[in-house]
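Trainee: File name data12.cif; file contents mmCIF, C-alpha atoms; chains and numbers go by the auth columns; full text below.
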data_my_file
#
loop_
_atom_site.group_PDB
_atom_site.id
_atom_site.type_symbol
_atom_site.label_atom_id
_atom_site.label_comp_id
_atom_site.label_asym_id
_atom_site.label_seq_id
_atom_site.Cartn_x
_atom_site.Cartn_y
_atom_site.Cartn_z
_atom_site.B_iso_or_equiv
_atom_site.auth_seq_id
_atom_site.auth_asym_id
ATOM 1 C CA MET A 1 -11.611 47.825 42.258 0.00 1 N
ATOM 2 C CA ASP A 2 -11.946 51.409 43.441 0.00 2 N
ATOM 3 C CA VAL A 3 -12.071 54.427 41.131 0.00 3 N
ATOM 4 C CA ASP A 4 -8.375 55.267 41.619 0.00 4 N
ATOM 5 C CA GLU A 5 -7.351 51.705 40.714 0.00 5 N
ATOM 6 C CA LEU A 6 -9.615 51.728 37.644 0.00 6 N
ATOM 7 C CA LEU A 7 -8.113 54.989 36.394 0.00 7 N
ATOM 8 C CA GLN A 8 -4.576 53.753 37.020 0.00 8 N
ATOM 9 C CA HIS A 9 -5.317 50.433 35.274 0.00 9 N
ATOM 10 C CA HIS A 10 -6.449 52.306 32.145 0.00 10 N
ATOM 11 C CA GLY A 11 -3.642 54.871 32.283 0.00 11 N
ATOM 12 C CA VAL A 12 -5.900 57.902 32.847 0.00 12 N
ATOM 13 C CA ASP A 13 -3.939 61.027 33.792 0.00 13 N
ATOM 14 C CA THR A 14 -6.052 62.489 36.615 0.00 14 N
ATOM 15 C CA HIS A 15 -4.414 65.898 36.175 0.00 15 N
ATOM 16 C CA ARG A 16 -6.310 66.184 32.872 0.00 16 N
ATOM 17 C CA LEU A 17 -9.667 65.750 34.639 0.00 17 N
ATOM 18 C CA GLU A 18 -11.791 68.715 35.691 0.00 18 N
ATOM 19 C CA PRO A 19 -11.129 70.072 39.218 0.00 19 N
ATOM 20 C CA ALA A 20 -13.814 69.201 41.772 0.00 20 N
ATOM 21 C CA PRO A 21 -14.761 70.255 45.289 0.00 21 N
ATOM 22 C CA LEU A 22 -13.204 68.002 47.921 0.00 22 N
ATOM 23 C CA PHE A 23 -16.567 67.072 49.448 0.00 23 N
ATOM 24 C CA PRO A 24 -19.284 67.848 46.901 0.00 24 N
ATOM 25 C CA SER A 25 -22.915 67.901 47.936 0.00 25 N
ATOM 26 C CA TRP A 26 -25.350 65.464 46.341 0.00 26 N
ATOM 27 C CA LYS A 27 -26.689 68.423 44.338 0.00 27 N
ATOM 28 C CA GLU A 28 -23.198 69.151 42.993 0.00 28 N
ATOM 29 C CA MET A 29 -22.805 65.461 42.115 0.00 29 N
ATOM 30 C CA ARG A 30 -26.174 65.403 40.290 0.00 30 N
ATOM 31 C CA ASP A 31 -25.415 68.670 38.507 0.00 31 N
ATOM 32 C CA HIS A 32 -22.052 67.413 37.290 0.00 32 N
ATOM 33 C CA LEU A 33 -23.548 64.110 36.198 0.00 33 N
ATOM 34 C CA ALA A 34 -26.293 65.980 34.312 0.00 34 N
ATOM 35 C CA LEU A 35 -23.604 67.511 32.069 0.00 35 N
ATOM 36 C CA MET A 36 -23.384 64.023 30.509 0.00 36 N
ATOM 37 C CA THR A 37 -19.717 64.315 29.650 0.00 37 N
ATOM 38 C CA GLY A 38 -17.982 61.223 28.299 0.00 38 N
ATOM 39 C CA CYS A 39 -16.590 58.405 30.399 0.00 39 N
ATOM 40 C CA ALA A 40 -13.047 59.119 31.617 0.00 40 N
ATOM 41 C CA ILE A 41 -11.989 55.657 30.399 0.00 41 N
ATOM 42 C CA CYS A 42 -13.695 55.212 27.009 0.00 42 N
ATOM 43 C CA GLY A 43 -15.700 58.363 26.183 0.00 43 N
ATOM 44 C CA ASP A 44 -19.145 56.662 26.238 0.00 44 N
ATOM 45 C CA THR A 45 -22.163 58.359 27.847 0.00 45 N
ATOM 46 C CA CYS A 46 -21.682 58.567 31.603 0.00 46 N
ATOM 47 C CA LEU A 47 -23.726 56.808 34.260 0.00 47 N
ATOM 48 C CA SER A 48 -21.886 57.797 37.432 0.00 48 N
ATOM 49 C CA ALA A 49 -19.869 60.727 38.779 0.00 49 N
ATOM 50 C CA TRP A 50 -17.043 60.482 41.302 0.00 50 N
ATOM 51 C CA VAL A 51 -14.476 62.685 43.007 0.00 51 N
ATOM 52 C CA VAL A 52 -10.960 61.294 43.274 0.00 52 N
ATOM 53 C CA GLY A 53 -7.571 62.637 44.199 0.00 53 N
ATOM 54 C CA THR A 54 -5.843 64.182 47.158 0.00 54 N
ATOM 55 C CA THR A 55 -7.174 66.873 49.440 0.00 55 N
ATOM 56 C CA ASP A 56 -4.997 69.324 47.486 0.00 56 N
ATOM 57 C CA ASP A 57 -6.150 68.211 44.040 0.00 57 N
ATOM 58 C CA PRO A 58 -9.631 66.592 43.875 0.00 58 N
ATOM 59 C CA ARG A 59 -10.920 65.820 40.344 0.00 59 N
ATOM 60 C CA TRP A 60 -14.243 64.865 38.777 0.00 60 N
ATOM 61 C CA VAL A 61 -14.435 61.433 37.164 0.00 61 N
ATOM 62 C CA VAL A 62 -17.444 60.260 35.177 0.00 62 N
ATOM 63 C CA LEU A 63 -17.854 56.626 34.197 0.00 63 N
ATOM 64 C CA CYS A 64 -20.087 54.832 31.680 0.00 64 N
ATOM 65 C CA ARG A 65 -22.353 51.828 32.224 0.00 65 N
ATOM 66 C CA GLY A 66 -19.497 49.467 31.394 0.00 66 N
ATOM 67 C CA HIS A 67 -16.984 50.975 33.827 0.00 67 N
ATOM 68 C CA THR A 68 -19.309 51.800 36.761 0.00 68 N
ATOM 69 C CA PRO A 69 -20.095 48.260 38.066 0.00 69 N
ATOM 70 C CA GLY A 70 -16.537 47.545 39.165 0.00 70 N
ATOM 71 C CA VAL A 71 -16.460 50.553 41.455 0.00 71 N
ATOM 72 C CA LEU A 72 -20.047 50.158 42.706 0.00 72 N
ATOM 73 C CA SER A 73 -19.048 46.902 44.357 0.00 73 N
ATOM 74 C CA GLU A 74 -16.729 48.992 46.559 0.00 74 N
ATOM 75 C CA LEU A 75 -19.565 51.239 47.786 0.00 75 N
ATOM 76 C CA ALA A 76 -21.037 50.580 51.204 0.00 76 N
ATOM 77 C CA ALA A 77 -22.191 54.176 51.754 0.00 77 N
ATOM 78 C CA PRO A 78 -22.192 57.452 49.779 0.00 78 N
ATOM 79 C CA THR A 79 -18.609 58.060 50.880 0.00 79 N
ATOM 80 C CA VAL A 80 -16.042 55.283 51.182 0.00 80 N
ATOM 81 C CA LEU A 81 -12.432 56.011 52.105 0.00 81 N
ATOM 82 C CA GLY A 82 -12.946 59.640 51.177 0.00 82 N
ATOM 83 C CA ARG A 83 -14.268 58.796 47.707 0.00 83 N
ATOM 84 C CA THR A 84 -17.679 60.156 46.775 0.00 84 N
ATOM 85 C CA GLY A 85 -19.903 58.910 43.994 0.00 85 N
ATOM 86 C CA ALA A 86 -23.392 59.322 42.541 0.00 86 N
ATOM 87 C CA VAL A 87 -25.189 57.183 39.998 0.00 87 N
ATOM 88 C CA HIS A 88 -27.549 58.513 37.343 0.00 88 N
ATOM 89 C CA GLY A 89 -31.275 57.636 37.541 0.00 89 N
#
The structure in this file should be written as structure tokens.

Mentor:
Amino acid sequence: MDVDELLQHHGVDTHRLEPAPLFPSWKEMRDHLALMTGCAICGDTCLSAWVVGTTDDPRWVVLCRGHTPGVLSELAAPTVLGRTGAVHG
């Protein structure tokens, strides 16, 4: 399951997520992850940060330990199908 599918499955309104750069650097990903905001699905402490959305409206998504594994299985490289993600420590 990719990040977009996970958000849709849980009914997350991506327009309520914080705007993000379309192609963030690894430093931007680390910096956003370091904010330790709550998981977009359940509010738990985040483990990974992602950018989702269209080229006109990219948004930050952070996921907890419980919601990260499903999207990690989709990763073959730092960017897959235009989706970017970084995992904490």

Trainee: Grab the atom CA of Arg16 of chain N to atom CA of Pro69 of chain N distance for me, in Å with one decimal place.

Mentor: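 Distance reported for this atom pair: 23.2 Å.
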
Trainee: Point out the residue among N:Met29, N:Val52, N:Ala40, N:Leu35 with the least atom-to-atom distance to His10 of chain N, counting only C-alpha atoms.

Mentor: N:Ala40

Trainee: Between atom CA of Lys27 of chain N and atom CA of Asp13 of chain N, measure the distance and give it in Å to one decimal.

Mentor: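 Rounded to one decimal, the two atoms are 26.1 Å apart.
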
Trainee: Using Å and a single decimal, report how far atom CA of Gly66 of chain N sits from atom CA of Gly53 of chain N.

Mentor: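 Result for atom CA of Gly53 of chain N versus atom CA of Gly66 of chain N: 21.9 Å, one decimal.
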
Trainee: Please write as a ChimeraX atom specification the list of polymer residues whose atoms come within 12 Å of (-22.0, 60.2, 32.3), counting all atoms listed in the file and keeping to the coordinates of the file.

Mentor: /N:29-50,60-68,85-89

Trainee: Run the PyMOL selection byres ((chain N and resi 21) around 8) against the file shown and list the residues it catches, as a PDB file with C-alpha atoms, keeping the file's coordinate frame.

Mentor:
ATOM      1  CA  PRO N  19     -11.129  70.072  39.218  1.00  0.00           C
ATOM      2  CA  ALA N  20     -13.814  69.201  41.772  1.00  0.00           C
ATOM      3  CA  LEU N  22     -13.204  68.002  47.921  1.00  0.00           C
ATOM      4  CA  PHE N  23     -16.567  67.072  49.448  1.00  0.00           C
ATOM      5  CA  PRO N  24     -19.284  67.848  46.901  1.00  0.00           C
ATOM      6  CA  VAL N  51     -14.476  62.685  43.007  1.00  0.00           C
ATOM      7  CA  PRO N  58      -9.631  66.592  43.875  1.00  0.00           C
ATOM      8  CA  ARG N  59     -10.920  65.820  40.344  1.00  0.00           C
TER       9      ARG N  59
END
